[in-house]
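**Q** Next comes the structure file my_file_7.cif, holding mmCIF, C-alpha atoms.
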```cif
data_query
#
loop_
_atom_site.label_atom_id
_atom_site.label_comp_id
_atom_site.auth_asym_id
_atom_site.auth_seq_id
_atom_site.Cartn_x
_atom_site.Cartn_y
_atom_site.Cartn_z
CA MET A 1 -1.30 -30.70 23.93
CA ALA A 2 0.34 -29.73 20.61
CA LEU A 3 -0.08 -25.98 21.22
CA ASP A 4 2.08 -26.19 24.34
CA ASP A 5 4.98 -27.50 22.24
CA ILE A 6 4.96 -24.76 19.61
CA ARG A 7 7.48 -22.00 20.29
CA ILE A 8 7.20 -18.50 18.93
CA VAL A 9 10.79 -17.26 18.62
CA LEU A 10 11.52 -13.54 18.17
CA VAL A 11 15.03 -12.67 16.99
CA GLU A 12 16.57 -9.32 17.97
CA THR A 13 13.29 -7.49 18.49
CA THR A 14 14.11 -3.79 18.63
CA HIS A 15 10.99 -2.35 20.27
CA PRO A 16 9.89 -3.94 23.57
CA GLY A 17 6.28 -2.91 22.92
CA ASN A 18 6.23 -5.38 20.04
CA ILE A 19 7.21 -8.18 22.41
CA GLY A 20 4.21 -7.34 24.58
CA ALA A 21 1.90 -7.18 21.57
CA VAL A 22 3.16 -10.58 20.39
CA ALA A 23 2.52 -12.08 23.84
CA ARG A 24 -1.07 -10.80 23.72
CA ALA A 25 -1.54 -12.13 20.18
CA MET A 26 -0.26 -15.54 21.27
CA LYS A 27 -2.46 -15.77 24.36
CA THR A 28 -5.65 -15.01 22.42
CA MET A 29 -4.88 -18.12 20.36
CA SER A 30 -3.84 -20.34 23.30
CA LEU A 31 -0.10 -20.36 22.57
CA SER A 32 2.18 -19.83 25.53
CA ARG A 33 5.82 -20.58 24.61
CA LEU A 34 7.68 -17.35 23.85
CA VAL A 35 11.45 -17.32 23.29
CA LEU A 36 13.43 -14.10 22.78
CA VAL A 37 16.82 -14.11 21.08
CA ARG A 38 18.92 -11.07 21.99
CA PRO A 39 16.04 -8.59 22.45
CA GLU A 40 17.23 -4.99 22.48
CA LYS A 41 15.38 -4.25 25.73
CA PHE A 42 13.63 -6.76 27.97
CA PRO A 43 12.09 -6.78 30.58
CA SER A 44 10.40 -3.47 29.86
CA PHE A 45 7.43 -1.41 30.97
CA ASP A 46 6.52 -0.93 27.29
CA ALA A 47 6.33 -4.69 26.83
CA GLU A 48 4.08 -5.06 29.87
CA ARG A 49 1.87 -2.17 28.76
CA ARG A 50 1.25 -3.77 25.35
CA ALA A 51 0.74 -7.26 26.79
CA THR A 52 -2.62 -6.49 28.41
CA GLY A 53 -3.83 -9.71 30.01
CA ALA A 54 -0.75 -11.64 28.89
CA ILE A 55 1.84 -10.57 31.46
CA ASP A 56 2.20 -14.23 32.47
CA LEU A 57 3.64 -15.04 29.02
CA LEU A 58 6.24 -12.31 29.44
CA GLU A 59 7.14 -13.60 32.89
CA ARG A 60 7.66 -17.10 31.50
CA ALA A 61 9.43 -15.98 28.32
CA GLN A 62 12.84 -17.53 27.78
CA VAL A 63 15.66 -15.15 26.84
CA VAL A 64 18.68 -16.65 25.05
CA ASP A 65 21.87 -15.32 23.50
CA ASP A 66 21.75 -17.20 20.20
CA LEU A 67 19.19 -18.81 17.93
CA GLN A 68 20.69 -22.26 18.32
CA ALA A 69 19.76 -22.25 22.01
CA ALA A 70 16.14 -21.53 21.05
CA ILE A 71 15.69 -24.21 18.39
CA GLY A 72 18.38 -26.87 18.80
CA ASP A 73 16.05 -29.52 20.26
CA CYS A 74 13.40 -29.08 17.52
CA ARG A 75 12.95 -31.32 14.48
CA LEU A 76 10.80 -28.74 12.67
CA VAL A 77 11.87 -25.10 12.45
CA ILE A 78 9.92 -22.66 10.27
CA GLY A 79 11.16 -19.15 9.49
CA CYS A 80 8.74 -16.35 8.61
CA SER A 81 10.08 -14.05 5.89
CA ALA A 82 8.43 -12.02 3.15
CA ARG A 83 11.56 -12.05 1.00
CA VAL A 84 12.07 -14.81 -1.56
CA ARG A 85 15.70 -15.93 -1.49
CA SER A 86 17.62 -16.88 -4.64
CA TYR A 87 17.69 -20.46 -3.37
CA PRO A 88 14.33 -20.80 -1.59
CA HIS A 89 13.32 -23.17 1.17
CA ALA A 90 10.31 -25.43 1.05
CA MET A 91 7.62 -22.74 1.10
CA LEU A 92 4.44 -22.78 3.18
CA ASP A 93 1.49 -20.42 3.46
CA PRO A 94 0.06 -19.73 6.95
CA ARG A 95 -2.52 -22.53 6.75
CA GLN A 96 0.03 -25.10 5.58
CA CYS A 97 2.43 -23.89 8.25
CA ALA A 98 -0.18 -24.34 10.97
CA THR A 99 -1.14 -27.84 9.85
CA THR A 100 2.52 -28.87 9.67
CA LEU A 101 3.25 -27.53 13.16
CA ILE A 102 0.24 -29.27 14.70
CA GLU A 103 1.06 -32.60 13.05
CA GLU A 104 4.72 -32.42 14.08
CA THR A 105 3.98 -31.58 17.71
CA ALA A 106 1.09 -34.03 18.17
CA GLY A 107 3.49 -36.56 19.67
CA GLY A 108 4.75 -34.14 22.32
CA GLU A 109 7.93 -32.91 20.64
CA PRO A 110 8.75 -29.19 20.26
CA ALA A 111 8.72 -27.16 17.07
CA ALA A 112 9.61 -23.52 16.45
CA LEU A 113 8.26 -20.65 14.40
CA ILE A 114 10.78 -17.82 14.01
CA PHE A 115 10.25 -14.12 13.31
CA GLY A 116 13.12 -11.70 12.63
CA PRO A 117 13.77 -8.06 13.55
CA GLU A 118 11.09 -5.53 12.67
CA ARG A 119 13.12 -3.54 10.15
CA THR A 120 15.13 -6.20 8.34
CA GLY A 121 13.36 -9.51 8.92
CA LEU A 122 15.24 -12.79 9.30
CA ALA A 123 18.88 -12.76 8.23
CA ASN A 124 20.00 -15.37 5.70
CA ASP A 125 22.12 -17.12 8.32
CA ASP A 126 19.10 -17.49 10.60
CA LEU A 127 16.84 -18.68 7.80
CA ASP A 128 19.50 -21.26 6.89
CA ARG A 129 18.78 -22.91 10.25
CA CYS A 130 15.15 -23.48 9.27
CA SER A 131 13.66 -26.48 7.50
CA HIS A 132 10.83 -24.44 5.94
CA GLN A 133 9.90 -20.84 5.18
CA ILE A 134 6.46 -19.28 5.58
CA GLN A 135 5.25 -16.32 3.58
CA ILE A 136 2.05 -14.44 4.43
CA PRO A 137 0.13 -13.46 1.29
CA ALA A 138 -0.56 -9.73 1.19
CA ASN A 139 -1.14 -6.79 -1.10
CA PRO A 140 1.89 -6.81 -3.46
CA ASP A 141 1.89 -3.00 -3.43
CA PHE A 142 1.96 -2.87 0.37
CA SER A 143 2.97 -6.23 1.80
CA SER A 144 4.66 -5.13 5.04
CA LEU A 145 2.95 -6.51 8.16
CA ASN A 146 4.01 -5.35 11.60
CA LEU A 147 5.46 -8.03 13.85
CA ALA A 148 2.46 -8.57 16.13
CA SER A 149 0.05 -8.70 13.19
CA ALA A 150 2.14 -11.36 11.47
CA VAL A 151 2.30 -13.44 14.65
CA GLN A 152 -1.44 -12.99 15.26
CA LEU A 153 -2.33 -14.18 11.77
CA VAL A 154 -0.21 -17.33 11.93
CA CYS A 155 -1.27 -18.10 15.52
CA TYR A 156 -4.91 -17.91 14.43
CA GLU A 157 -4.25 -20.55 11.76
CA ILE A 158 -2.44 -22.70 14.35
CA PHE A 159 -5.39 -22.38 16.74
CA MET A 160 -7.82 -23.44 14.01
CA ALA A 161 -5.63 -26.34 12.90
CA ALA A 162 -5.42 -27.56 16.51
CA GLY A 163 -9.17 -28.21 16.48
CA LYS A 164 -8.91 -30.76 13.69
CA PRO A 165 -8.19 -34.49 14.31
CA VAL A 166 -4.52 -35.43 14.11
CA PHE A 167 -3.17 -38.95 13.60
CA THR A 168 0.07 -39.43 15.49
CA ASP A 169 1.06 -43.03 14.73
CA THR A 170 2.15 -42.58 11.11
CA VAL A 171 5.80 -41.75 11.93
CA LYS A 172 7.66 -44.23 14.12
CA PRO A 173 10.11 -42.82 16.71
CA TRP A 174 13.17 -44.15 14.89
CA ASN A 175 12.03 -42.56 11.63
CA ARG A 176 11.51 -39.03 12.88
CA PRO A 177 13.57 -36.27 11.24
CA SER A 178 16.78 -35.36 13.03
CA LEU A 179 16.90 -32.57 15.59
CA GLN A 180 17.97 -29.15 14.39
CA VAL A 181 21.14 -29.33 16.50
CA GLU A 182 21.99 -32.69 14.89
CA MET A 183 21.55 -31.16 11.44
CA GLU A 184 23.83 -28.24 12.34
CA HIS A 185 26.49 -30.70 13.53
CA PHE A 186 26.17 -32.54 10.21
CA TYR A 187 26.49 -29.31 8.18
CA GLU A 188 29.70 -28.50 10.05
CA HIS A 189 31.04 -31.99 9.33
CA LEU A 190 29.98 -31.70 5.67
CA GLU A 191 31.80 -28.40 5.30
CA ARG A 192 35.01 -29.79 6.81
CA ALA A 193 34.87 -32.85 4.56
CA LEU A 194 34.31 -30.79 1.41
CA ASP A 195 37.09 -28.40 2.45
CA SER A 196 39.47 -31.34 2.71
CA ARG A 197 38.82 -32.12 -0.97
CA GLY A 198 39.01 -28.51 -2.12
CA PHE A 199 35.38 -28.64 -3.21
CA LEU A 200 34.48 -25.32 -1.60
CA ASP A 201 37.42 -23.33 -2.94
CA GLY A 202 36.48 -20.15 -4.74
CA GLU A 203 33.82 -17.48 -4.55
CA MET A 204 30.84 -19.87 -4.71
CA ARG A 205 31.53 -21.39 -1.27
CA GLU A 206 28.61 -19.70 0.49
CA VAL A 207 26.16 -20.43 -2.31
CA THR A 208 27.23 -24.07 -2.49
CA MET A 209 26.73 -24.61 1.23
CA MET A 210 23.37 -22.84 1.05
CA LYS A 211 22.23 -25.17 -1.75
CA LEU A 212 23.40 -28.23 0.20
CA ARG A 213 21.54 -27.04 3.29
CA ARG A 214 18.35 -26.67 1.26
CA LEU A 215 18.85 -30.16 -0.18
CA PHE A 216 19.24 -31.86 3.19
CA TRP A 217 16.48 -29.79 4.84
CA ARG A 218 14.11 -31.03 2.12
CA ALA A 219 15.21 -34.61 2.69
CA ARG A 220 14.88 -34.28 6.52
CA PRO A 221 17.04 -37.37 7.25
CA ASN A 222 16.37 -39.32 10.43
CA SER A 223 19.12 -40.08 12.97
CA GLY A 224 20.04 -43.40 11.36
CA GLU A 225 20.37 -41.81 7.93
CA LEU A 226 22.40 -38.98 9.43
CA LYS A 227 24.85 -41.52 10.88
CA ILE A 228 25.35 -42.94 7.38
CA LEU A 229 25.98 -39.43 6.04
CA HIS A 230 28.52 -38.78 8.82
CA THR A 231 30.30 -42.01 7.87
CA LEU A 232 30.46 -40.89 4.25
CA MET A 233 31.85 -37.53 5.35
CA ARG A 234 34.57 -39.27 7.38
CA LEU A 235 35.53 -41.36 4.36
CA ILE A 236 35.69 -38.27 2.16
CA HIS A 237 37.75 -36.44 4.76
CA SER A 238 40.19 -39.32 5.31
CA ASP A 239 40.69 -39.70 1.55
CA GLY A 240 41.66 -36.07 1.47
CA ASP A 241 44.42 -36.47 4.09
#
```
Would you mind giving the structure from this file in structure tokens?

**A**
Amino acid sequence: MALDDIRIVLVETTHPGNIGAVARAMKTMSLSRLVLVRPEKFPSFDAERRATGAIDLLERAQVVDDLQAAIGDCRLVIGCSARVRSYPHAMLDPRQCATTLIEETAGGEPAALIFGPERTGLANDDLDRCSHQIQIPANPDFSSLNLASAVQLVCYEIFMAAGKPVFTDTVKPWNRPSLQVEMEHFYEHLERALDSRGFLDGEMREVTMMKLRRLFWRARPNSGELKILHTLMRLIHSDGD
């Protein structure tokens, strides 16, 4: 079932009660995969108190030390952030996000939806690991949603999208987008190759790499295409030696 393969990932949640409230929001919409990245305090009585009826989700929650461990085996990673970056990702609203997640997981592969800390939201470095960004439309004069409310809203859309027919045979296995961990390996190789040619010298290094990440996330190359790109990077690197 597609819902079983959708992970809700919370990064550096500061208040354990919010973890419990998120677990309850997930369970009401039939989602069960909760992953916590460096939570400030967990397990916690406050989390259990707010997770009325959803203690089982807390007991099964996976706790990891870094975001890569939470999303590395996913082909689709969507970050939830209200802030528009200077170099934006492919943007989705909650309904588009839900449809995309259901379609991507229909074949039994995992996908992740990431939420950042309550006060600051997702950091740029974490959002850079995502293929898409979701924004929740809200009152422009008061657009701040609390964490559990944001999760509840998107999970509702996922639950509704799961009830619609999904066609799973349109993307052949060899043509699926690369895993997130494969993309990160490529970005590291790309950076080394460009360094060898002096392309990233100067103050625009971070911006240039951010733009290149956005470019390749939009393209979503499959494993075969990624092998070609790695070969090109090796040729660039060797020419620089």

**Q** So, with only C-alpha atoms as the atoms that count, which of A:Phe142, A:Phe216, A:Phe42, A:Phe115 lies closest to A:Glu184?

**A** A:Phe216

**Q** Using atom CA of A:Leu190 and atom CA of A:Asp125 as the two end points, give the distance in Å to one decimal.

**A**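 The value is 16.8 Å.
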
**Q** Counting all atoms listed in the file, which residue out of A:Pro88, A:Pro177, A:Gly53, A:Gly108 sits closest to A:Ile6?

**A** A:Gly108

**Q** Residues picked by the PyMOL selection byres ((chain A and resi 114) around 12) here, as a ChimeraX atom specification?

**A** /A:6-13,34-37,67-68,70-71,76-81,97,111-113,115-117,121-123,126-135,147,150-151,154

**Q** What does the PyMOL selection byres ((chain A and resi 159) around 12) select in this file, as a PDB file with C-alpha atoms, keeping the file's coordinate frame?

**A**
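The resulting out_31.pdb:
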```
ATOM      1  CA  MET A   1      -1.300 -30.700  23.930  1.00  0.00           C
ATOM      2  CA  ALA A   2       0.340 -29.730  20.610  1.00  0.00           C
ATOM      3  CA  LEU A   3      -0.080 -25.980  21.220  1.00  0.00           C
ATOM      4  CA  ASP A   4       2.080 -26.190  24.340  1.00  0.00           C
ATOM      5  CA  ILE A   6       4.960 -24.760  19.610  1.00  0.00           C
ATOM      6  CA  ALA A  25      -1.540 -12.130  20.180  1.00  0.00           C
ATOM      7  CA  MET A  26      -0.260 -15.540  21.270  1.00  0.00           C
ATOM      8  CA  LYS A  27      -2.460 -15.770  24.360  1.00  0.00           C
ATOM      9  CA  THR A  28      -5.650 -15.010  22.420  1.00  0.00           C
ATOM     10  CA  MET A  29      -4.880 -18.120  20.360  1.00  0.00           C
ATOM     11  CA  SER A  30      -3.840 -20.340  23.300  1.00  0.00           C
ATOM     12  CA  LEU A  31      -0.100 -20.360  22.570  1.00  0.00           C
ATOM     13  CA  SER A  32       2.180 -19.830  25.530  1.00  0.00           C
ATOM     14  CA  PRO A  94       0.060 -19.730   6.950  1.00  0.00           C
ATOM     15  CA  ARG A  95      -2.520 -22.530   6.750  1.00  0.00           C
ATOM     16  CA  CYS A  97       2.430 -23.890   8.250  1.00  0.00           C
ATOM     17  CA  ALA A  98      -0.180 -24.340  10.970  1.00  0.00           C
ATOM     18  CA  THR A  99      -1.140 -27.840   9.850  1.00  0.00           C
ATOM     19  CA  LEU A 101       3.250 -27.530  13.160  1.00  0.00           C
ATOM     20  CA  ILE A 102       0.240 -29.270  14.700  1.00  0.00           C
ATOM     21  CA  VAL A 151       2.300 -13.440  14.650  1.00  0.00           C
ATOM     22  CA  GLN A 152      -1.440 -12.990  15.260  1.00  0.00           C
ATOM     23  CA  LEU A 153      -2.330 -14.180  11.770  1.00  0.00           C
ATOM     24  CA  VAL A 154      -0.210 -17.330  11.930  1.00  0.00           C
ATOM     25  CA  CYS A 155      -1.270 -18.100  15.520  1.00  0.00           C
ATOM     26  CA  TYR A 156      -4.910 -17.910  14.430  1.00  0.00           C
ATOM     27  CA  GLU A 157      -4.250 -20.550  11.760  1.00  0.00           C
ATOM     28  CA  ILE A 158      -2.440 -22.700  14.350  1.00  0.00           C
ATOM     29  CA  MET A 160      -7.820 -23.440  14.010  1.00  0.00           C
ATOM     30  CA  ALA A 161      -5.630 -26.340  12.900  1.00  0.00           C
ATOM     31  CA  ALA A 162      -5.420 -27.560  16.510  1.00  0.00           C
ATOM     32  CA  GLY A 163      -9.170 -28.210  16.480  1.00  0.00           C
ATOM     33  CA  LYS A 164      -8.910 -30.760  13.690  1.00  0.00           C
TER      34      LYS A 164
END
```

**Q** Between atom CA of A:Thr208 and atom CA of A:Glu191, what is the distance in Å, rounded to a tenth?

**A**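 Separating atom CA of A:Thr208 from atom CA of A:Glu191 is a distance of 10.0 Å.
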
**Q** Rounded to one decimal in Å, what is the spacing between atom CA of A:Glu59 and atom CA of A:Ala148?

**A**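 That distance, rounded to one decimal, is 18.1 Å.
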
**Q** Would you please work out which residue, of A:Ala61, A:Met209, A:Ala82, A:Leu235, is nearest to A:Ser144 when using all atoms listed in the file?

**A** A:Ala82

**Q** Running the PyMOL selection byres ((chain A and resi 219) around 12) on this model by hand, what would come out? Give it as a PyMOL selection string.

**A** chain A and resi 89-90+131-132+176-178+183+212-218+220-222+225-226

**Q** Include C-alpha atoms and write out the residues we just selected as a CSV table (one decimal), in the frame of the given file.

**A**
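Resulting contents of again-v8.csv:
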```
chain,number,residue,atom,x,y,z
A,89,HIS,CA,13.3,-23.2,1.2
A,90,ALA,CA,10.3,-25.4,1.0
A,131,SER,CA,13.7,-26.5,7.5
A,132,HIS,CA,10.8,-24.4,5.9
A,176,ARG,CA,11.5,-39.0,12.9
A,177,PRO,CA,13.6,-36.3,11.2
A,178,SER,CA,16.8,-35.4,13.0
A,183,MET,CA,21.6,-31.2,11.4
A,212,LEU,CA,23.4,-28.2,0.2
A,213,ARG,CA,21.5,-27.0,3.3
A,214,ARG,CA,18.4,-26.7,1.3
A,215,LEU,CA,18.8,-30.2,-0.2
A,216,PHE,CA,19.2,-31.9,3.2
A,217,TRP,CA,16.5,-29.8,4.8
A,218,ARG,CA,14.1,-31.0,2.1
A,220,ARG,CA,14.9,-34.3,6.5
A,221,PRO,CA,17.0,-37.4,7.2
A,222,ASN,CA,16.4,-39.3,10.4
A,225,GLU,CA,20.4,-41.8,7.9
A,226,LEU,CA,22.4,-39.0,9.4
```

**Q** Find, counting only C-alpha atoms, the residue in A:Glu206, A:Asp201, A:Asp195, A:Asp5 that gets nearest to A:His237.

**A**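 Among the listed residues, A:Asp195 lies closest to A:His237.
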
**Q** Using all atoms listed in the file for the distances, tell me which of A:Gly224, A:Pro137, A:Gly198, A:Gly20 is nearest to A:Met91.

**A**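 Nearest to A:Met91: A:Pro137.
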
**Q** Check the smallest atom-to-atom distance from each of A:Ile136, A:His15, A:Lys211, A:Ile228 to A:Leu92 using all atoms listed in the file, then report the winner.

**A** A:Ile136

**Q** As a PyMOL selection string, please: the residues near A:Asn18 (cut-off 10 Å, all atoms listed in the file, same-chain neighbours under 3 positions excluded).

**A** chain A and resi 10+13-15+21-24+46-47+50-51+118+146-149

**Q** Could stretch 179-204 of chain A be completed with N, CA and C atoms and written as a PDB file, in the frame of the given file, please?

**A**
```pdb
ATOM      1  N   LEU A 179      17.017 -33.844  14.893  1.00  0.00           N
ATOM      2  CA  LEU A 179      16.900 -32.570  15.590  1.00  0.00           C
ATOM      3  C   LEU A 179      17.680 -31.495  14.844  1.00  0.00           C
ATOM      4  N   GLN A 180      17.280 -30.253  15.044  1.00  0.00           N
ATOM      5  CA  GLN A 180      17.970 -29.150  14.390  1.00  0.00           C
ATOM      6  C   GLN A 180      19.436 -29.102  14.780  1.00  0.00           C
ATOM      7  N   VAL A 181      19.743 -29.362  16.049  1.00  0.00           N
ATOM      8  CA  VAL A 181      21.140 -29.330  16.500  1.00  0.00           C
ATOM      9  C   VAL A 181      21.940 -30.448  15.848  1.00  0.00           C
ATOM     10  N   GLU A 182      21.317 -31.598  15.587  1.00  0.00           N
ATOM     11  CA  GLU A 182      21.990 -32.690  14.890  1.00  0.00           C
ATOM     12  C   GLU A 182      22.275 -32.306  13.435  1.00  0.00           C
ATOM     13  N   MET A 183      21.344 -31.602  12.814  1.00  0.00           N
ATOM     14  CA  MET A 183      21.550 -31.160  11.440  1.00  0.00           C
ATOM     15  C   MET A 183      22.687 -30.138  11.365  1.00  0.00           C
ATOM     16  N   GLU A 184      22.747 -29.222  12.340  1.00  0.00           N
ATOM     17  CA  GLU A 184      23.830 -28.240  12.340  1.00  0.00           C
ATOM     18  C   GLU A 184      25.181 -28.922  12.503  1.00  0.00           C
ATOM     19  N   HIS A 185      25.245 -29.945  13.355  1.00  0.00           N
ATOM     20  CA  HIS A 185      26.490 -30.700  13.530  1.00  0.00           C
ATOM     21  C   HIS A 185      26.878 -31.373  12.218  1.00  0.00           C
ATOM     22  N   PHE A 186      25.889 -31.910  11.500  1.00  0.00           N
ATOM     23  CA  PHE A 186      26.170 -32.540  10.210  1.00  0.00           C
ATOM     24  C   PHE A 186      26.677 -31.513   9.198  1.00  0.00           C
ATOM     25  N   TYR A 187      26.046 -30.327   9.138  1.00  0.00           N
ATOM     26  CA  TYR A 187      26.490 -29.310   8.180  1.00  0.00           C
ATOM     27  C   TYR A 187      27.935 -28.903   8.444  1.00  0.00           C
ATOM     28  N   GLU A 188      28.314 -28.820   9.716  1.00  0.00           N
ATOM     29  CA  GLU A 188      29.700 -28.500  10.050  1.00  0.00           C
ATOM     30  C   GLU A 188      30.641 -29.592   9.565  1.00  0.00           C
ATOM     31  N   HIS A 189      30.231 -30.847   9.771  1.00  0.00           N
ATOM     32  CA  HIS A 189      31.040 -31.990   9.330  1.00  0.00           C
ATOM     33  C   HIS A 189      31.129 -32.007   7.800  1.00  0.00           C
ATOM     34  N   LEU A 190      30.011 -31.747   7.130  1.00  0.00           N
ATOM     35  CA  LEU A 190      29.980 -31.700   5.670  1.00  0.00           C
ATOM     36  C   LEU A 190      30.936 -30.642   5.138  1.00  0.00           C
ATOM     37  N   GLU A 191      30.930 -29.473   5.756  1.00  0.00           N
ATOM     38  CA  GLU A 191      31.800 -28.400   5.300  1.00  0.00           C
ATOM     39  C   GLU A 191      33.266 -28.759   5.466  1.00  0.00           C
ATOM     40  N   ARG A 192      33.617 -29.381   6.597  1.00  0.00           N
ATOM     41  CA  ARG A 192      35.010 -29.790   6.810  1.00  0.00           C
ATOM     42  C   ARG A 192      35.433 -30.827   5.779  1.00  0.00           C
ATOM     43  N   ALA A 193      34.540 -31.801   5.510  1.00  0.00           N
ATOM     44  CA  ALA A 193      34.870 -32.850   4.560  1.00  0.00           C
ATOM     45  C   ALA A 193      35.068 -32.279   3.154  1.00  0.00           C
ATOM     46  N   LEU A 194      34.192 -31.381   2.745  1.00  0.00           N
ATOM     47  CA  LEU A 194      34.310 -30.790   1.410  1.00  0.00           C
ATOM     48  C   LEU A 194      35.534 -29.884   1.317  1.00  0.00           C
ATOM     49  N   ASP A 195      35.867 -29.211   2.419  1.00  0.00           N
ATOM     50  CA  ASP A 195      37.090 -28.400   2.450  1.00  0.00           C
ATOM     51  C   ASP A 195      38.324 -29.272   2.234  1.00  0.00           C
ATOM     52  N   SER A 196      38.303 -30.460   2.823  1.00  0.00           N
ATOM     53  CA  SER A 196      39.470 -31.340   2.710  1.00  0.00           C
ATOM     54  C   SER A 196      39.729 -31.785   1.279  1.00  0.00           C
ATOM     55  N   ARG A 197      38.693 -31.733   0.438  1.00  0.00           N
ATOM     56  CA  ARG A 197      38.820 -32.120  -0.970  1.00  0.00           C
ATOM     57  C   ARG A 197      38.915 -30.904  -1.897  1.00  0.00           C
ATOM     58  N   GLY A 198      38.929 -29.706  -1.308  1.00  0.00           N
ATOM     59  CA  GLY A 198      39.010 -28.510  -2.120  1.00  0.00           C
ATOM     60  C   GLY A 198      37.738 -28.181  -2.871  1.00  0.00           C
ATOM     61  N   PHE A 199      36.635 -28.812  -2.473  1.00  0.00           N
ATOM     62  CA  PHE A 199      35.380 -28.640  -3.210  1.00  0.00           C
ATOM     63  C   PHE A 199      34.781 -27.255  -3.023  1.00  0.00           C
ATOM     64  N   LEU A 200      35.082 -26.616  -1.895  1.00  0.00           N
ATOM     65  CA  LEU A 200      34.480 -25.320  -1.600  1.00  0.00           C
ATOM     66  C   LEU A 200      35.397 -24.151  -1.903  1.00  0.00           C
ATOM     67  N   ASP A 201      36.513 -24.414  -2.586  1.00  0.00           N
ATOM     68  CA  ASP A 201      37.420 -23.330  -2.940  1.00  0.00           C
ATOM     69  C   ASP A 201      36.738 -22.389  -3.928  1.00  0.00           C
ATOM     70  N   GLY A 202      37.021 -21.113  -3.787  1.00  0.00           N
ATOM     71  CA  GLY A 202      36.480 -20.150  -4.740  1.00  0.00           C
ATOM     72  C   GLY A 202      35.342 -19.342  -4.177  1.00  0.00           C
ATOM     73  N   GLU A 203      34.804 -18.462  -5.005  1.00  0.00           N
ATOM     74  CA  GLU A 203      33.820 -17.480  -4.550  1.00  0.00           C
ATOM     75  C   GLU A 203      32.425 -18.041  -4.367  1.00  0.00           C
ATOM     76  N   MET A 204      32.176 -19.283  -4.820  1.00  0.00           N
ATOM     77  CA  MET A 204      30.840 -19.870  -4.710  1.00  0.00           C
ATOM     78  C   MET A 204      30.664 -20.692  -3.439  1.00  0.00           C
TER      79      MET A 204
END
```
